[in-house]
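Undergrad: Just one file: entry-v2.txt, with compact mmCIF, C-alpha atoms and all ligand atoms.
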```
# COMPACT_ATOMS: atom_id res chain seq x y z
CA MET H 15 105.38 120.43 75.09
CA THR H 16 102.67 117.98 76.14
CA GLN H 17 100.21 119.35 78.64
CA PRO H 18 100.85 117.79 82.10
CA ARG H 19 97.90 115.78 83.41
CA VAL H 20 99.31 114.87 86.82
CA ALA H 21 101.07 117.18 89.27
CA ILE H 22 103.77 115.80 91.54
CA LEU H 23 104.39 118.06 94.50
CA MET H 24 106.96 117.55 97.23
CA GLY H 25 107.74 119.45 100.40
CA SER H 26 111.50 119.59 99.81
CA LYS H 27 113.94 118.98 97.00
CA ASN H 28 115.28 116.26 99.31
CA ASP H 29 112.04 114.32 98.73
CA TYR H 30 112.84 113.99 95.02
CA GLU H 31 114.88 110.84 95.51
CA VAL H 32 111.60 109.11 96.45
CA MET H 33 109.20 111.11 94.30
CA ARG H 34 111.16 110.56 91.09
CA LYS H 35 109.64 107.05 91.17
CA ALA H 36 106.21 108.61 90.61
CA GLU H 37 107.61 110.72 87.78
CA GLU H 38 109.31 107.72 86.14
CA THR H 39 106.20 105.53 86.44
CA LEU H 40 103.98 108.15 84.83
CA LYS H 41 106.54 108.62 82.05
CA GLU H 42 106.54 104.86 81.44
CA LEU H 43 102.77 105.07 80.99
CA GLY H 44 103.04 108.01 78.60
CA ILE H 45 101.44 110.46 81.02
CA ALA H 46 102.93 113.95 81.15
CA SER H 47 103.52 115.26 84.65
CA ASP H 48 104.62 118.50 86.27
CA THR H 49 107.00 118.10 89.23
CA ARG H 50 107.30 120.96 91.74
CA VAL H 51 108.88 121.64 95.10
CA ILE H 52 106.10 123.21 97.15
CA SER H 53 106.13 123.25 100.92
CA ALA H 54 102.86 123.76 102.79
CA HIS H 55 104.69 125.69 105.53
CA ARG H 56 107.79 127.15 103.81
CA THR H 57 106.12 128.26 100.57
CA PRO H 58 102.39 128.45 101.39
CA GLN H 59 101.71 131.02 98.67
CA ARG H 60 103.30 128.78 96.06
CA LEU H 61 100.84 126.06 97.10
CA THR H 62 97.73 128.21 96.79
CA ALA H 63 98.89 129.78 93.53
CA PHE H 64 99.64 126.41 91.94
CA LEU H 65 96.35 124.83 92.96
CA ALA H 66 94.30 127.85 91.94
CA ASP H 67 95.25 127.14 88.30
CA ALA H 68 95.86 123.39 88.36
CA GLU H 69 92.44 122.13 87.30
CA SER H 70 91.90 124.74 84.59
CA SER H 71 95.36 124.06 83.19
CA GLY H 72 94.52 120.38 82.64
CA ILE H 73 95.81 118.67 85.78
CA GLU H 74 93.59 115.68 86.68
CA ALA H 75 95.29 114.36 89.83
CA VAL H 76 97.77 115.73 92.36
CA ILE H 77 100.39 113.49 93.99
CA CYS H 78 101.94 114.98 97.14
CA GLY H 79 105.03 113.60 98.87
CA ALA H 80 106.14 114.94 102.22
CA GLY H 81 107.97 113.87 105.33
CA GLY H 82 107.86 114.69 109.03
CA ALA H 83 104.63 116.42 110.10
CA ALA H 84 103.50 115.86 106.54
CA HIS H 85 100.62 118.25 105.94
CA LEU H 86 101.27 118.97 102.25
CA ALA H 87 98.70 116.51 100.90
CA GLY H 88 96.00 117.65 103.32
CA ALA H 89 96.68 121.32 102.67
CA ALA H 90 96.65 120.67 98.91
CA ALA H 91 93.35 118.78 99.17
CA ALA H 92 91.84 121.74 101.00
CA HIS H 93 92.56 123.93 97.96
CA THR H 94 91.25 121.75 95.14
CA LEU H 95 88.50 119.35 94.13
CA LEU H 96 91.03 117.28 92.17
CA PRO H 97 91.89 113.87 93.65
CA VAL H 98 94.91 114.21 95.97
CA LEU H 99 97.19 111.21 96.47
CA GLY H 100 99.55 111.32 99.44
CA VAL H 101 102.97 109.69 99.66
CA PRO H 102 104.54 109.66 103.14
CA ILE H 103 108.32 110.08 103.08
CA GLU H 104 110.85 108.75 105.55
CA SER H 105 112.85 111.89 106.27
CA SER H 106 112.76 112.38 110.02
CA PRO H 107 114.00 110.53 113.13
CA LEU H 108 110.58 108.82 113.25
CA ARG H 109 111.37 107.20 109.89
CA GLY H 110 108.14 107.86 108.06
CA LEU H 111 105.66 106.73 110.67
CA ASP H 112 105.04 110.41 111.47
CA SER H 113 104.47 111.21 107.77
CA LEU H 114 102.22 108.20 107.29
CA LEU H 115 99.96 109.13 110.20
CA SER H 116 99.96 112.83 109.27
CA THR H 117 98.95 112.03 105.70
CA VAL H 118 96.45 109.24 106.32
CA GLN H 119 94.62 110.63 109.33
CA MET H 120 92.70 113.41 107.62
CA PRO H 121 89.64 114.50 109.55
CA GLY H 122 86.40 113.68 107.70
CA GLY H 123 85.52 116.08 104.90
CA ILE H 124 88.80 116.56 103.02
CA PRO H 125 90.08 113.24 101.66
CA VAL H 126 93.66 112.28 100.85
CA ALA H 127 94.18 108.85 99.25
CA THR H 128 97.28 107.71 101.13
CA PHE H 129 99.88 105.28 99.85
CA GLY H 130 102.76 103.42 101.48
CA VAL H 131 105.90 105.10 102.81
CA GLY H 132 108.69 105.58 100.27
CA PRO H 133 109.34 104.68 96.63
CA SER H 134 106.69 101.92 96.46
CA GLY H 135 104.14 104.44 97.65
CA ALA H 136 105.30 106.91 94.99
CA GLN H 137 105.07 104.21 92.32
CA ASN H 138 101.59 103.13 93.44
CA ALA H 139 100.36 106.72 93.63
CA ALA H 140 101.41 107.15 89.99
CA LEU H 141 99.68 103.89 89.01
CA PHE H 142 96.56 104.98 90.85
CA ALA H 143 96.61 108.35 89.09
CA ALA H 144 96.92 106.44 85.81
CA ALA H 145 93.91 104.31 86.79
CA ILE H 146 91.90 107.50 87.35
CA LEU H 147 92.88 108.83 83.92
CA ALA H 148 92.25 105.43 82.33
CA ARG H 149 88.51 105.68 83.07
CA LYS H 150 88.18 108.24 80.26
CA ASP H 151 91.31 107.57 78.23
CA PRO H 152 91.52 104.23 76.38
CA GLY H 153 95.19 104.85 75.48
CA VAL H 154 96.19 105.12 79.15
CA ARG H 155 94.03 102.07 79.96
CA GLU H 156 95.83 100.07 77.29
CA ARG H 157 99.28 101.11 78.55
CA LEU H 158 98.28 100.31 82.12
CA ALA H 159 97.15 96.84 81.04
CA LYS H 160 100.50 96.31 79.23
CA TYR H 161 102.38 97.47 82.35
CA ARG H 162 100.56 94.78 84.38
CA GLU H 163 101.21 92.15 81.71
CA ALA H 164 104.93 92.96 81.65
CA GLN H 165 105.02 92.81 85.43
CA SER H 166 103.41 89.35 85.45
CA ALA H 167 105.72 88.13 82.67
CA ALA H 168 108.76 89.20 84.70
CA VAL H 169 107.85 86.92 87.62
CA PRO H 170 109.67 83.58 87.24
CA GLU H 171 107.66 80.40 87.78
CA ARG H 172 110.42 79.01 89.97
CA PRO H 173 113.07 80.71 92.08
C1 LIG L 1 109.02 118.18 104.89
O1 LIG L 1 110.08 118.20 105.76
C2 LIG L 1 109.58 117.75 103.57
O2 LIG L 1 108.60 117.06 102.85
C3 LIG L 1 110.75 116.90 103.91
O3 LIG L 1 110.48 115.53 103.80
C4 LIG L 1 111.02 117.26 105.36
C5 LIG L 1 112.41 117.81 105.58
O4 LIG L 1 112.68 118.85 104.66
P1 LIG L 1 114.16 119.39 104.45
O5 LIG L 1 114.55 120.01 105.77
O6 LIG L 1 115.02 118.20 104.09
O7 LIG L 1 114.08 120.38 103.34
O8 LIG L 1 108.42 119.42 104.77
```
I need this file expressed as structure tokens, please.
Ligand code: RP5

TA:
Amino acid sequence: MTQPRVAILMGSKNDYEVMRKAEETLKELGIASDTRVISAHRTPQRLTAFLADAESSGIEAVICGAGGAAHLAGAAAAHTLLPVLGVPIESSPLRGLDSLLSTVQMPGGIPVATFGVGPSGAQNAALFAAAILARKDPGVRERLAKYREAQSAAVPERP
């Protein structure tokens, strides 16, 4: 099995509907990922155990999706020096605004790169993780360039 280079964490299995977009995007770019359900408050030990080994096991970026009082990305960032990318999920009566603010408003000192709410955010987090890997991996850079080219080619000149 190929060694995963990006971890995709989510606070609940119910977040997978959104976070599968990150998984699919990384797969499209030929980047192996490891997808886990890890809740900062329901399974705190799972979070610390996973992040204790993540960097040494070859993970280069951690994407975290969570809804509600979404503290998963911030808690993950506190446990690792790896770049942490946050995806707010619309799963509460506040429809993602709560998750967005919880994820983006990290106090200075522990950064979380925060993306948009929902599947587009999950997709962009994956593309951003690919851009990080592409700095040192010409193969990923090439596939990222092709992804952009295909995207441009799919836009019609007229409606
Ligand atoms: C968060 O609470 C999860 O990320 C999820 O979006 C939300 C609700 O979780 P469930 O009650 O659906 O498991 O921790």

Undergrad: Between H:Met24, H:Ala80, H:Ala159, H:Ala164, which is the closest to Ala144 of chain H once you count all atoms listed in the file?

TA: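 Counting all atoms listed in the file, the residue closest to Ala144 of chain H is H:Ala159.
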
Undergrad: For Ala91 of chain H, list every protein, DNA or RNA residue within 10 Å, evaluated using all atoms listed in the file, and leave out those in the same chain fewer than 4 positions away; present the list as a ChimeraX atom specification.

TA: /H:65,76,78,85-87,95-100,124-127

Undergrad: Do you know which residues are within 10 Å of ligand LIG 1 (chain L) using only C-alpha atoms and all ligand atoms? Can you write them as a VMD selection string?

TA: chain H and resid 23 to 30 32 51 to 56 78 to 86 101 to 106 110 113

Undergrad: Given the point (107.2, 102.2, 89.3) in the coordinates of this file, which residues lie within 6 Å, counting only C-alpha atoms, and how would they look as an MDAnalysis selection string?

TA: chainID H and resid 35 39 137

Undergrad: Just to confirm, what's the straight-line distance from atom CA of Asp112 of chain H to atom CA of Arg50 of chain H in Å (one decimal)?

TA: 22.5 Å

Undergrad: Between H:Thr128, H:Pro173, H:Ser70, H:Thr57, single out the one closest to Ala140 of chain H, counting only C-alpha atoms.

TA: H:Thr128

Undergrad: Mind rebuilding segment 68-93 of chain H with N, CA, C and O atoms and writing that out as an mmCIF file, in the frame of the given file?

TA:
```
data_model
loop_
_atom_site.group_PDB
_atom_site.id
_atom_site.type_symbol
_atom_site.label_atom_id
_atom_site.label_comp_id
_atom_site.auth_asym_id
_atom_site.auth_seq_id
_atom_site.Cartn_x
_atom_site.Cartn_y
_atom_site.Cartn_z
ATOM 1 N N ALA H 68 95.560 124.769 88.767
ATOM 2 C CA ALA H 68 95.860 123.390 88.360
ATOM 3 C C ALA H 68 94.747 122.766 87.510
ATOM 4 O O ALA H 68 95.013 122.252 86.419
ATOM 5 N N GLU H 69 93.531 122.808 88.002
ATOM 6 C CA GLU H 69 92.440 122.130 87.300
ATOM 7 C C GLU H 69 92.190 122.762 85.924
ATOM 8 O O GLU H 69 92.077 122.047 84.921
ATOM 9 N N SER H 70 92.179 124.076 85.872
ATOM 10 C CA SER H 70 91.900 124.740 84.590
ATOM 11 C C SER H 70 93.049 124.556 83.605
ATOM 12 O O SER H 70 92.870 124.645 82.391
ATOM 13 N N SER H 71 94.247 124.259 84.126
ATOM 14 C CA SER H 71 95.360 124.060 83.190
ATOM 15 C C SER H 71 95.479 122.603 82.730
ATOM 16 O O SER H 71 96.403 122.257 82.000
ATOM 17 N N GLY H 72 94.552 121.743 83.158
ATOM 18 C CA GLY H 72 94.520 120.380 82.640
ATOM 19 C C GLY H 72 95.021 119.294 83.578
ATOM 20 O O GLY H 72 95.072 118.123 83.204
ATOM 21 N N ILE H 73 95.383 119.672 84.796
ATOM 22 C CA ILE H 73 95.810 118.670 85.780
ATOM 23 C C ILE H 73 94.576 117.871 86.237
ATOM 24 O O ILE H 73 93.524 118.454 86.523
ATOM 25 N N GLU H 74 94.729 116.531 86.298
ATOM 26 C CA GLU H 74 93.590 115.680 86.680
ATOM 27 C C GLU H 74 93.790 114.981 88.014
ATOM 28 O O GLU H 74 92.842 114.423 88.580
ATOM 29 N N ALA H 75 95.020 114.958 88.515
ATOM 30 C CA ALA H 75 95.290 114.360 89.830
ATOM 31 C C ALA H 75 96.557 115.002 90.381
ATOM 32 O O ALA H 75 97.433 115.419 89.613
ATOM 33 N N VAL H 76 96.621 115.085 91.708
ATOM 34 C CA VAL H 76 97.770 115.730 92.360
ATOM 35 C C VAL H 76 98.393 114.725 93.332
ATOM 36 O O VAL H 76 97.735 114.260 94.268
ATOM 37 N N ILE H 77 99.659 114.381 93.088
ATOM 38 C CA ILE H 77 100.390 113.490 93.990
ATOM 39 C C ILE H 77 101.266 114.371 94.888
ATOM 40 O O ILE H 77 101.994 115.233 94.394
ATOM 41 N N CYS H 78 101.164 114.165 96.204
ATOM 42 C CA CYS H 78 101.940 114.980 97.140
ATOM 43 C C CYS H 78 102.808 114.093 98.009
ATOM 44 O O CYS H 78 102.295 113.214 98.709
ATOM 45 N N GLY H 79 104.116 114.328 97.989
ATOM 46 C CA GLY H 79 105.030 113.600 98.870
ATOM 47 C C GLY H 79 105.595 114.532 99.911
ATOM 48 O O GLY H 79 106.039 115.638 99.581
ATOM 49 N N ALA H 80 105.564 114.105 101.171
ATOM 50 C CA ALA H 80 106.140 114.940 102.220
ATOM 51 C C ALA H 80 106.538 114.079 103.409
ATOM 52 O O ALA H 80 105.994 112.993 103.627
ATOM 53 N N GLY H 81 107.501 114.601 104.156
ATOM 54 C CA GLY H 81 107.970 113.870 105.330
ATOM 55 C C GLY H 81 107.714 114.647 106.615
ATOM 56 O O GLY H 81 107.194 115.766 106.585
ATOM 57 N N GLY H 82 108.056 114.057 107.730
ATOM 58 C CA GLY H 82 107.860 114.690 109.030
ATOM 59 C C GLY H 82 106.381 114.907 109.330
ATOM 60 O O GLY H 82 105.553 114.026 109.078
ATOM 61 N N ALA H 83 106.046 116.074 109.862
ATOM 62 C CA ALA H 83 104.630 116.420 110.100
ATOM 63 C C ALA H 83 104.018 116.761 108.746
ATOM 64 O O ALA H 83 103.793 117.917 108.409
ATOM 65 N N ALA H 84 103.760 115.721 107.975
ATOM 66 C CA ALA H 84 103.500 115.860 106.540
ATOM 67 C C ALA H 84 102.093 116.370 106.270
ATOM 68 O O ALA H 84 101.166 115.592 106.074
ATOM 69 N N HIS H 85 101.949 117.672 106.157
ATOM 70 C CA HIS H 85 100.620 118.250 105.940
ATOM 71 C C HIS H 85 100.412 118.715 104.506
ATOM 72 O O HIS H 85 99.363 119.278 104.197
ATOM 73 N N LEU H 86 101.397 118.478 103.623
ATOM 74 C CA LEU H 86 101.270 118.970 102.250
ATOM 75 C C LEU H 86 100.032 118.426 101.537
ATOM 76 O O LEU H 86 99.278 119.180 100.926
ATOM 77 N N ALA H 87 99.829 117.099 101.631
ATOM 78 C CA ALA H 87 98.700 116.510 100.900
ATOM 79 C C ALA H 87 97.370 117.055 101.437
ATOM 80 O O ALA H 87 96.478 117.404 100.651
ATOM 81 N N GLY H 88 97.249 117.138 102.737
ATOM 82 C CA GLY H 88 96.000 117.650 103.320
ATOM 83 C C GLY H 88 95.769 119.103 102.959
ATOM 84 O O GLY H 88 94.643 119.501 102.623
ATOM 85 N N ALA H 89 96.820 119.897 103.012
ATOM 86 C CA ALA H 89 96.680 121.320 102.670
ATOM 87 C C ALA H 89 96.332 121.458 101.187
ATOM 88 O O ALA H 89 95.479 122.268 100.810
ATOM 89 N N ALA H 90 96.963 120.633 100.344
ATOM 90 C CA ALA H 90 96.650 120.670 98.910
ATOM 91 C C ALA H 90 95.184 120.310 98.682
ATOM 92 O O ALA H 90 94.473 120.986 97.930
ATOM 93 N N ALA H 91 94.739 119.240 99.353
ATOM 94 C CA ALA H 91 93.350 118.780 99.170
ATOM 95 C C ALA H 91 92.350 119.850 99.575
ATOM 96 O O ALA H 91 91.249 119.931 99.011
ATOM 97 N N ALA H 92 92.735 120.678 100.551
ATOM 98 C CA ALA H 92 91.840 121.740 101.000
ATOM 99 C C ALA H 92 91.650 122.816 99.932
ATOM 100 O O ALA H 92 90.671 123.560 99.949
ATOM 101 N N HIS H 93 92.586 122.872 98.970
ATOM 102 C CA HIS H 93 92.560 123.930 97.960
ATOM 103 C C HIS H 93 92.059 123.491 96.599
ATOM 104 O O HIS H 93 92.080 124.277 95.657
#
```
